[in-house]
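Source file: entry_22.tsv. Holds: TSV, C-alpha atoms.
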```tsv
chain	number	residue	atom	x	y	z
P	95	MET	CA	9.85	11.04	7.70
P	96	ASN	CA	6.03	11.07	7.53
P	97	LEU	CA	5.80	8.18	9.98
P	98	ILE	CA	7.73	10.17	12.58
P	99	TRP	CA	5.42	13.18	12.18
P	100	VAL	CA	2.32	11.02	12.41
P	101	PHE	CA	3.66	9.44	15.58
P	102	LEU	CA	4.51	12.81	17.12
P	103	VAL	CA	1.10	14.25	16.30
P	104	GLY	CA	-0.59	11.19	17.80
P	105	VAL	CA	1.46	11.45	20.96
P	106	GLY	CA	0.83	15.18	21.14
P	107	LEU	CA	-2.93	14.74	20.88
P	108	SER	CA	-3.04	11.87	23.33
P	109	LYS	CA	-2.56	12.10	27.05
P	110	ASP	CA	-1.12	8.60	27.12
P	111	ALA	CA	1.60	7.82	24.56
P	112	PHE	CA	1.39	4.10	25.28
P	113	ALA	CA	-2.33	4.01	24.47
P	114	ALA	CA	-1.70	5.91	21.23
P	115	ALA	CA	1.04	3.45	20.24
P	116	ILE	CA	-1.19	0.45	21.00
P	117	CYS	CA	-4.03	1.96	18.98
P	118	LYS	CA	-1.78	2.61	15.99
P	119	GLY	CA	-0.24	-0.84	16.24
P	120	LEU	CA	-3.62	-2.57	16.32
P	121	THR	CA	-4.87	-0.49	13.40
P	122	THR	CA	-1.79	-1.30	11.35
P	123	PHE	CA	-2.05	-4.99	12.20
P	124	GLY	CA	-5.75	-5.07	11.33
P	125	THR	CA	-5.40	-3.41	7.95
P	126	SER	CA	-2.34	-5.49	7.06
P	127	PHE	CA	-4.10	-8.71	8.05
P	128	PHE	CA	-7.19	-7.74	6.04
P	129	GLY	CA	-5.08	-6.94	2.98
P	130	PHE	CA	-3.22	-10.22	3.30
P	131	GLN	CA	-6.46	-12.21	3.48
P	132	VAL	CA	-7.95	-10.39	0.48
P	133	GLY	CA	-4.76	-10.98	-1.53
P	134	LYS	CA	-4.71	-14.63	-0.55
P	135	PHE	CA	-8.34	-15.06	-1.60
P	136	PHE	CA	-7.89	-13.41	-4.99
P	137	GLY	CA	-4.57	-15.18	-5.53
P	138	LEU	CA	-6.22	-18.57	-5.06
P	139	ALA	CA	-9.28	-17.60	-7.10
P	140	LEU	CA	-7.50	-16.08	-10.08
P	141	LYS	CA	-4.11	-17.88	-9.97
P	142	ASP	CA	-2.28	-17.34	-13.27
P	143	LYS	CA	-4.69	-14.70	-14.54
P	144	ALA	CA	-3.68	-12.40	-11.67
P	145	GLN	CA	0.02	-12.75	-12.54
P	146	VAL	CA	-0.58	-12.05	-16.22
P	147	THR	CA	-2.79	-9.07	-15.44
P	148	GLY	CA	-0.23	-7.67	-13.00
P	149	GLY	CA	2.54	-8.11	-15.56
P	150	VAL	CA	0.57	-6.33	-18.27
P	151	ILE	CA	-0.20	-3.45	-15.90
P	152	LEU	CA	3.48	-3.09	-14.95
P	153	ILE	CA	4.58	-3.14	-18.59
P	154	ALA	CA	1.94	-0.52	-19.47
P	155	LEU	CA	3.03	1.76	-16.61
P	156	GLY	CA	6.69	1.39	-17.56
P	157	THR	CA	5.95	2.18	-21.18
P	158	LYS	CA	3.91	5.25	-20.21
P	159	ILE	CA	6.72	6.55	-17.97
P	160	LEU	CA	9.32	5.96	-20.68
P	161	LEU	CA	7.26	7.76	-23.32
P	162	GLU	CA	6.66	10.70	-20.97
P	163	HIS	CA	10.39	11.06	-20.21
P	164	LEU	CA	11.26	10.87	-23.90
P	165	GLY	CA	8.73	13.61	-24.63
P	166	ILE	CA	6.66	11.46	-26.95
P	167	LEU	CA	3.64	11.35	-24.65
P	168	VAL	CA	2.60	14.63	-23.05
P	169	LEU	CA	-0.20	14.56	-20.52
```
Using structure tokens, write down the structure from this file.
Amino acid sequence: MNLIWVFLVGVGLSKDAFAAAICKGLTTFGTSFFGFQVGKFFGLALKDKAQVTGGVILIALGTKILLEHLGILVL
């Protein structure tokens, strides 16, 4: 839903809808490409440590959510 509103606002503020769509597409491509390259770099540099760290973070978040829903942890 938010994507539709963002698109409509962009078109509404722009005189040329095609130019707005190209701008948004290039921005999305650029940030996605940058994120992919950063992830690739850190994945090669850290290898197994990144997987273990990610797993520990996911387990910690899951445990926190479970404890909050059970009423044991109140924040």
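Note that CA of Asp142 (chain P) and CA of Gly156 (chain P) are 21.2 Å apart.
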So what do you get for CA of Leu167 (chain P) versus CA of Thr147 (chain P), distance-wise?
23.3 Å
Return the padded bounding box of region 129-135 of chain P as lines of an AutoDock Vina configuration file: axis-aligned, built from all atoms listed in the file, 3 Å added on each side, with centre and edge lengths in Å to one decimal.
```
center_x = -5.8
center_y = -11.0
center_z = 0.9
size_x = 11.1
size_y = 14.1
size_z = 11.1
```
Between CA of Ala154 (chain P) and CA of Leu140 (chain P), what distance in Å does the model show, to one decimal?
20.5 Å
Excluding Leu169 (chain P) and its own-chain neighbours fewer than 4 positions away, which residues fall within 12 Å of it when counting all atoms listed in the file? Please give them as a list in words.
Lys158, Ile159, Leu161, Glu162, His163 and Gly165 of chain P
Create the file for the chosen residues now, containing C-alpha atoms and written as a PDB file, in the coordinates of the input.
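File again_11.pdb, as written:
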```pdb
ATOM      1  CA  LYS P 158       3.910   5.250 -20.210  1.00  0.00           C
ATOM      2  CA  ILE P 159       6.720   6.550 -17.970  1.00  0.00           C
ATOM      3  CA  LEU P 161       7.260   7.760 -23.320  1.00  0.00           C
ATOM      4  CA  GLU P 162       6.660  10.700 -20.970  1.00  0.00           C
ATOM      5  CA  HIS P 163      10.390  11.060 -20.210  1.00  0.00           C
ATOM      6  CA  GLY P 165       8.730  13.610 -24.630  1.00  0.00           C
TER       7      GLY P 165
END
```
